[in-house]
Every structure is written in C-alpha cells, then in structure tokens.
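**Student:** Let me begin by handing over the structure; questions about it come next.
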Amino acid sequence: MLDKLKQYYGTVVTDTSEDTYALYRWYADTSGQKFGILKENLTKKDEALLSLFLTPLLEDDWSPAQKAWKSFLFQSASYPLTEAKAVRFLHFSLKQPFFEKQAWQEALSGLLSTEFIIVWKDDKTGVIIEQYLDTNVDVFLDKDAFQTLTSDFFITLHILVGKLRPVDNSLLFWFQWEHDGFLCTRKSHRHIMDLEDILPHFVIEKPDALLPVLQTVNDADLLHTVKMFLEANMNVSLAAKQQYMHRNSVQYRVDKFIEKTGIDIKNFKGAVAVYLSLCLYQ
C-alpha cells in the first residue's frame, strides 16, 4: 500500500524523528504500521478520504500542556508551566500500537484521584503525569482496578509506578532515570511494577544504574551509615551499635536517604540494589 500512496502523493515516510515529524500528516494502517504523508501534498478532501481506511494520528489535537510536557520530557526543552508542586510519573508501554487514546484517557479520569496529563512518546509507549498541589501527600494507585481497566480495552500494558517528585530543577533527571529503568525492565512478566520491583533487574542490566542517584545524595557520612544499616540486615539498633551512634541518628539518616532518592531501602529489593551499587560506588 505504501508504494501506491507514494505514486499518488509523492513523499511517504516511516521515519518519526522529531526533526521532520511536523512536516507530515501521520496515519496508521490496520497492521499498526505508522507512516507520514507530506502535508503540502494533501488537500482537505485527501485527508477525509484517507481517514476512511486509515487511522489518523493527530498530534495536532494535543493540548498546549501535552505538547509542552512532551518537549520537556523527551526533548529537554524549556520547563512547562504548571501549578503542581509535585508530580508522579506512570511510565507505560503496550505490545501493540494503540489508537483509542481519547477513550482510554476518559476511562482513566474515573480511576485516578488527581489531575493528570498523558504524553505519548510513540504509539506504544508514553507517560501519565499525575499532578499534585502538595509535596506531602499520600499517593496510591489501585493496581487491581488499573489492570481491570486495561483489560476492558483488550491491551497488554506494562507500567512502572514512579515516586512522587517535587517540581524543581531535578525533575527532568528523575524522569529520565526512572524511564531508563523502565525501558530496561519492561519485559518483566509483571504488568504493574513499583520502583523497587525493577531496581535489581536495572542494576543487572546496567551495573552503574544507581550511581547517578547516589551522587545526588552528596553526603559521604549518610551513605556510609546506609551501607552499615544494610550490612546489619536492615537492623537499626545493630547498625547504631556498630557505629557507636544513637539509634535515632541512624534512623534519621536512613529516612533521609529514602526521602532524597525515593528508593525504599527498608524494602528487600530496594535494599539489594542499593547495597550492590554502594559497593561499586565506594
């Protein structure tokens, strides 16, 4: 079919690079293949005709907020304007291209308890950005309900539930780090994963994966205490005794590490990944 379209409309491409994306009107055929036809070669009548047997992929319908967030997250553009004080990223991917985006977004509105924006990186991967007006809130995701919702659309979804991150200059770093971990581990048999679930696999795939996170802590004494805590089998009293410290001081440093990194080292999987990374880091 692509050859016939090329004969009639001239330039037809499958390269979705950001440098040329805006020059084309994008469509998907019944097999999910995505391609673009040069906009200047299409009339309104052509677009209406093509829409009868192809699925239009209209990024032009995105809101200004969606476009701003996509540019920020995937192209490192300027910071999007938002009233949110904190956000949580739900990174997702699907096995097949998905075209019922609007219906899925409307269904999510009844499930998620806060304002959110969906940004699609391509037809199979993207991120849900949950926006919060406070940095000190308890965030929760009903995983069973989320799984039920995706099954209603007959899609196989893999999702990483990120941590609540403050909206500041470090936000892009945390998004890229979480997203990198998700892309390395999304082939897991689990469909909905917390951050700690992926960390051991992330470290196996990339042994230095947690080093940038450890560097953000920037406190040698805190990292030493965390390592001693982990070597004491996560026993605060034993770690305090070995370091001649008060128990509350050890507990404070452990909690501080969790607050700075978002990694729960009281969780076995988080503890394993961080301990291996600390051994490498030091």
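Here, A, B, ... name the chains of the structure tokens in the order displayed, residue numbers run from 1 inside each chain, and ligands are numbered from 1 in the same displayed order.
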Just want the 7 Å neighbourhood of A:Val161, counted on only C-alpha atoms, with same-chain residues fewer than 4 positions away dropped. Output as a list in words.

**Tutor:**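 Contacts, with the query itself left out: Phe89, Leu90, His91, Met193, Asp194 and Leu195 of chain A.
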
**Student:** Those same residues - N, CA and C atoms - I'd like them written as a PDB file, in the first residue's frame.

**Tutor:**
```pdb
ATOM      1  N   PHE A  89       5.228  10.096  37.900  1.00  0.00           N
ATOM      2  CA  PHE A  89       5.206   9.571  36.541  1.00  0.00           C
ATOM      3  C   PHE A  89       4.797   8.104  36.552  1.00  0.00           C
ATOM      4  N   LEU A  90       3.799   7.784  35.731  1.00  0.00           N
ATOM      5  CA  LEU A  90       3.406   6.398  35.489  1.00  0.00           C
ATOM      6  C   LEU A  90       3.877   6.057  34.083  1.00  0.00           C
ATOM      7  N   HIS A  91       5.026   5.399  33.985  1.00  0.00           N
ATOM      8  CA  HIS A  91       5.607   5.058  32.692  1.00  0.00           C
ATOM      9  C   HIS A  91       4.905   3.813  32.157  1.00  0.00           C
ATOM     10  N   MET A 193       4.414  -2.424  38.109  1.00  0.00           N
ATOM     11  CA  MET A 193       5.577  -2.559  38.985  1.00  0.00           C
ATOM     12  C   MET A 193       5.841  -1.260  39.737  1.00  0.00           C
ATOM     13  N   ASP A 194       6.258  -1.389  40.988  1.00  0.00           N
ATOM     14  CA  ASP A 194       6.762  -0.253  41.742  1.00  0.00           C
ATOM     15  C   ASP A 194       8.246  -0.087  41.443  1.00  0.00           C
ATOM     16  N   LEU A 195       8.805   1.059  41.818  1.00  0.00           N
ATOM     17  CA  LEU A 195      10.202   1.338  41.520  1.00  0.00           C
ATOM     18  C   LEU A 195      11.124   0.266  42.089  1.00  0.00           C
TER      19      LEU A 195
END
```

**Student:** Show which residues sit within 12 Å of A:Asp255, as a ChimeraX atom specification. Count only C-alpha atoms, and ignore same-chain residues fewer than 6 positions away.

**Tutor:** /A:222-223,225-226,229,236,248-249,261-266

**Student:** For a quick check of understanding, using only C-alpha atoms, which of A:Ile155, A:Ala145, A:Thr125, A:Leu133 has the smallest distance to A:Arg186?

**Tutor:** A:Thr125

**Student:** Can you list, as a ChimeraX atom specification, every residue of stretch 120-202 of chain A that DSSP puts in helix (DSSP H, G or I)?

**Tutor:** /A:143-152,171-185,195-202

**Student:** Can you tell me, as a compact mmCIF listing (two decimals) with all heavy atoms, in the first residue's frame, what residues are no more than 12 Å from stretch 201-206 of chain A when counting only C-alpha atoms, ignoring any on the same chain fewer than 3 positions away?

**Tutor:**
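Below is the file that was written, out.txt:
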```txt
# COMPACT_ATOMS: atom_id res chain seq x y z
N TRP A 177 15.81 9.08 34.57
CA TRP A 177 16.36 7.92 35.27
C TRP A 177 15.28 6.84 35.44
O TRP A 177 15.53 5.66 35.17
CB TRP A 177 16.91 8.34 36.64
CG TRP A 177 17.47 7.19 37.41
CD1 TRP A 177 18.64 6.53 37.16
CD2 TRP A 177 16.87 6.53 38.52
NE1 TRP A 177 18.81 5.51 38.06
CE2 TRP A 177 17.74 5.49 38.91
CE3 TRP A 177 15.69 6.73 39.24
CZ2 TRP A 177 17.45 4.65 39.99
CZ3 TRP A 177 15.40 5.90 40.30
CH2 TRP A 177 16.28 4.87 40.67
N GLU A 178 14.09 7.21 35.88
CA GLU A 178 13.00 6.25 36.00
C GLU A 178 12.65 5.63 34.65
O GLU A 178 12.44 4.41 34.54
CB GLU A 178 11.75 6.90 36.60
CG GLU A 178 11.84 7.22 38.07
CD GLU A 178 10.52 7.78 38.63
OE1 GLU A 178 9.56 7.98 37.84
OE2 GLU A 178 10.45 8.02 39.85
N HIS A 179 12.58 6.46 33.62
CA HIS A 179 12.19 5.98 32.30
C HIS A 179 13.24 5.02 31.75
O HIS A 179 12.90 4.01 31.12
CB HIS A 179 12.01 7.16 31.35
CG HIS A 179 11.23 6.83 30.12
ND1 HIS A 179 9.91 6.45 30.14
CD2 HIS A 179 11.60 6.79 28.80
CE1 HIS A 179 9.49 6.20 28.91
NE2 HIS A 179 10.50 6.41 28.09
N ASP A 180 14.50 5.31 31.99
CA ASP A 180 15.58 4.43 31.55
C ASP A 180 15.45 3.07 32.23
O ASP A 180 15.60 2.02 31.59
CB ASP A 180 16.93 5.07 31.87
CG ASP A 180 18.10 4.33 31.21
OD1 ASP A 180 17.86 3.65 30.19
OD2 ASP A 180 19.24 4.43 31.70
N GLY A 181 15.17 3.08 33.53
CA GLY A 181 14.97 1.83 34.25
C GLY A 181 13.77 1.06 33.74
O GLY A 181 13.81 -0.17 33.61
N PHE A 182 12.71 1.77 33.44
CA PHE A 182 11.50 1.12 32.91
C PHE A 182 11.78 0.46 31.57
O PHE A 182 11.39 -0.69 31.33
CB PHE A 182 10.39 2.15 32.77
CG PHE A 182 9.16 1.62 32.09
CD1 PHE A 182 8.44 0.58 32.64
CD2 PHE A 182 8.73 2.16 30.88
CE1 PHE A 182 7.31 0.08 32.01
CE2 PHE A 182 7.60 1.68 30.25
CZ PHE A 182 6.89 0.64 30.81
N LEU A 183 12.48 1.15 30.67
CA LEU A 183 12.76 0.60 29.35
C LEU A 183 13.66 -0.63 29.44
O LEU A 183 13.55 -1.53 28.61
CB LEU A 183 13.42 1.67 28.46
CG LEU A 183 12.55 2.87 28.11
CD1 LEU A 183 13.32 3.85 27.24
CD2 LEU A 183 11.26 2.44 27.41
N CYS A 184 14.52 -0.68 30.45
CA CYS A 184 15.41 -1.83 30.63
C CYS A 184 14.67 -3.06 31.17
O CYS A 184 15.13 -4.19 30.99
CB CYS A 184 16.55 -1.48 31.58
SG CYS A 184 17.85 -0.49 30.84
N THR A 185 13.55 -2.82 31.84
CA THR A 185 12.91 -3.92 32.59
C THR A 185 11.45 -4.15 32.20
O THR A 185 10.77 -4.96 32.82
CB THR A 185 12.97 -3.63 34.10
OG1 THR A 185 12.31 -2.39 34.37
CG2 THR A 185 14.41 -3.54 34.58
N ARG A 186 10.96 -3.49 31.16
CA ARG A 186 9.53 -3.58 30.86
C ARG A 186 9.11 -4.94 30.32
O ARG A 186 7.92 -5.21 30.18
CB ARG A 186 9.13 -2.49 29.86
CG ARG A 186 9.86 -2.55 28.53
CD ARG A 186 9.42 -1.43 27.62
NE ARG A 186 10.29 -1.33 26.45
CZ ARG A 186 10.08 -0.50 25.44
NH1 ARG A 186 9.02 0.28 25.46
NH2 ARG A 186 10.91 -0.45 24.43
N LYS A 187 10.06 -5.82 29.99
CA LYS A 187 9.72 -7.15 29.52
C LYS A 187 9.43 -8.12 30.67
O LYS A 187 9.23 -9.30 30.46
CB LYS A 187 10.85 -7.71 28.65
CG LYS A 187 11.05 -6.93 27.35
CD LYS A 187 12.15 -7.53 26.49
CE LYS A 187 12.34 -6.74 25.20
NZ LYS A 187 13.44 -7.30 24.37
N SER A 188 9.43 -7.60 31.87
CA SER A 188 9.11 -8.42 33.04
C SER A 188 7.72 -9.02 32.90
O SER A 188 6.84 -8.49 32.23
CB SER A 188 9.17 -7.56 34.31
OG SER A 188 8.59 -8.23 35.41
N LEU A 195 8.81 1.06 41.82
CA LEU A 195 10.20 1.34 41.52
C LEU A 195 11.12 0.27 42.09
O LEU A 195 12.05 -0.20 41.41
CB LEU A 195 10.58 2.72 42.07
CG LEU A 195 12.02 3.17 41.83
CD1 LEU A 195 12.30 3.28 40.33
CD2 LEU A 195 12.30 4.50 42.52
N GLU A 196 10.88 -0.14 43.33
CA GLU A 196 11.75 -1.14 43.96
C GLU A 196 11.72 -2.48 43.21
O GLU A 196 12.70 -3.22 43.23
CB GLU A 196 11.35 -1.36 45.42
CG GLU A 196 11.76 -0.23 46.35
CD GLU A 196 10.87 1.00 46.22
OE1 GLU A 196 9.72 0.83 45.73
OE2 GLU A 196 11.30 2.10 46.59
N ASP A 197 10.61 -2.78 42.54
CA ASP A 197 10.50 -4.05 41.81
C ASP A 197 11.50 -4.14 40.67
O ASP A 197 11.99 -5.22 40.33
CB ASP A 197 9.08 -4.21 41.24
CG ASP A 197 8.04 -4.38 42.33
OD1 ASP A 197 8.37 -4.96 43.38
OD2 ASP A 197 6.89 -3.94 42.13
N ILE A 198 11.81 -3.01 40.03
CA ILE A 198 12.67 -3.04 38.86
C ILE A 198 14.15 -2.86 39.18
O ILE A 198 15.00 -3.17 38.33
CB ILE A 198 12.26 -1.98 37.82
CG1 ILE A 198 12.66 -0.57 38.30
CG2 ILE A 198 10.76 -2.05 37.52
CD1 ILE A 198 12.64 0.48 37.22
N ALA A 209 23.75 1.78 37.14
CA ALA A 209 22.45 2.46 37.00
C ALA A 209 22.14 3.38 38.18
O ALA A 209 21.54 4.45 37.99
CB ALA A 209 21.35 1.42 36.84
N LEU A 210 22.52 2.99 39.39
CA LEU A 210 22.17 3.77 40.57
C LEU A 210 23.24 4.79 40.95
O LEU A 210 23.03 5.59 41.88
CB LEU A 210 21.90 2.86 41.76
CG LEU A 210 20.42 2.46 41.97
CD1 LEU A 210 19.92 1.65 40.81
CD2 LEU A 210 20.25 1.70 43.27
N LEU A 211 24.37 4.78 40.27
CA LEU A 211 25.44 5.70 40.65
C LEU A 211 25.02 7.17 40.54
O LEU A 211 25.33 7.97 41.44
CB LEU A 211 26.69 5.44 39.81
CG LEU A 211 27.33 4.06 39.97
CD1 LEU A 211 28.72 4.04 39.33
CD2 LEU A 211 27.44 3.67 41.45
N PRO A 212 24.32 7.59 39.48
CA PRO A 212 23.87 8.99 39.44
C PRO A 212 22.96 9.35 40.60
O PRO A 212 22.99 10.48 41.10
CB PRO A 212 23.12 9.09 38.11
CG PRO A 212 23.65 7.98 37.28
CD PRO A 212 23.95 6.87 38.25
N LYS A 269 14.02 -5.59 47.93
CA LYS A 269 14.53 -5.38 46.56
C LYS A 269 15.28 -4.05 46.46
O LYS A 269 16.33 -3.98 45.81
CB LYS A 269 13.38 -5.42 45.56
CG LYS A 269 12.72 -6.79 45.45
CD LYS A 269 11.54 -6.76 44.49
CE LYS A 269 10.86 -8.12 44.43
NZ LYS A 269 9.66 -8.09 43.55
N GLY A 270 14.75 -3.02 47.09
CA GLY A 270 15.44 -1.75 47.09
C GLY A 270 16.76 -1.83 47.83
O GLY A 270 17.77 -1.26 47.40
N VAL A 272 18.73 -4.52 48.26
CA VAL A 272 19.71 -5.30 47.49
C VAL A 272 20.35 -4.42 46.41
O VAL A 272 21.57 -4.40 46.26
CB VAL A 272 19.03 -6.52 46.84
CG1 VAL A 272 19.95 -7.16 45.80
CG2 VAL A 272 18.67 -7.55 47.90
N ALA A 273 19.50 -3.71 45.66
CA ALA A 273 20.02 -2.88 44.57
C ALA A 273 20.94 -1.78 45.08
O ALA A 273 22.01 -1.53 44.53
CB ALA A 273 18.86 -2.30 43.77
N VAL A 274 20.53 -1.13 46.17
CA VAL A 274 21.33 -0.03 46.70
C VAL A 274 22.64 -0.55 47.30
O VAL A 274 23.70 0.06 47.12
CB VAL A 274 20.53 0.76 47.76
CG1 VAL A 274 21.44 1.72 48.53
CG2 VAL A 274 19.40 1.53 47.10
N TYR A 275 22.59 -1.69 47.98
CA TYR A 275 23.82 -2.22 48.58
C TYR A 275 24.85 -2.57 47.51
O TYR A 275 26.04 -2.22 47.64
CB TYR A 275 23.52 -3.46 49.43
CG TYR A 275 24.76 -4.03 50.08
CD1 TYR A 275 25.38 -3.34 51.13
CD2 TYR A 275 25.34 -5.21 49.64
CE1 TYR A 275 26.54 -3.82 51.71
CE2 TYR A 275 26.49 -5.70 50.21
CZ TYR A 275 27.10 -5.01 51.25
OH TYR A 275 28.25 -5.48 51.82
N LEU A 276 24.41 -3.24 46.44
CA LEU A 276 25.35 -3.58 45.36
C LEU A 276 25.93 -2.32 44.74
O LEU A 276 27.12 -2.26 44.42
CB LEU A 276 24.63 -4.42 44.30
CG LEU A 276 24.21 -5.83 44.73
CD1 LEU A 276 23.41 -6.50 43.61
CD2 LEU A 276 25.42 -6.67 45.09
N SER A 277 25.10 -1.31 44.57
CA SER A 277 25.55 -0.06 43.98
C SER A 277 26.51 0.69 44.90
O SER A 277 27.47 1.30 44.44
CB SER A 277 24.36 0.84 43.63
OG SER A 277 23.52 0.20 42.67
N LEU A 278 26.26 0.64 46.21
CA LEU A 278 27.18 1.28 47.16
C LEU A 278 28.55 0.60 47.15
O LEU A 278 29.58 1.27 47.24
CB LEU A 278 26.58 1.24 48.57
CG LEU A 278 25.51 2.29 48.88
CD1 LEU A 278 24.85 2.00 50.22
CD2 LEU A 278 26.12 3.69 48.89
N LEU A 280 29.90 -0.81 44.60
CA LEU A 280 30.53 -0.36 43.37
C LEU A 280 30.95 1.10 43.49
O LEU A 280 32.05 1.48 43.06
CB LEU A 280 29.58 -0.56 42.20
CG LEU A 280 30.04 -0.11 40.82
CD1 LEU A 280 31.28 -0.90 40.39
CD2 LEU A 280 28.93 -0.28 39.80
```

**Student:** When you draw a straight line from atom CA of A:Leu164 to atom CA of A:Gln75, how long is it in Å?

**Tutor:**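 Computing the Euclidean distance for atom CA of A:Leu164 and atom CA of A:Gln75 yields 21.8 Å.
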
**Student:** Residues within 6 Å of A:His158, please, as a list of chain:residue names. Count only C-alpha atoms; anything in the same chain fewer than 5 positions from it doesn't count.

**Tutor:** A:Phe92, A:Ser93, A:His191, A:Ile192

**Student:** Which distance in Å separates atom CA of A:Leu81 and atom CA of A:Trp69, to one decimal?

**Tutor:**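 If I compute the distance from atom CA of A:Leu81 to atom CA of A:Trp69, I get 8.9 Å.
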
**Student:** Looking at A:Val250, A:Ala86, A:Leu5, A:Leu94, which one is nearest to A:Val137, with distances taken over only C-alpha atoms?

**Tutor:**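 Ranking A:Val250, A:Ala86, A:Leu5, A:Leu94 by distance to A:Val137, first place goes to A:Ala86.
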
**Student:** How many Å lie between atom CA of A:Ile117 and atom CA of A:Arg190, rounded to one decimal?

**Tutor:** 24.2 Å
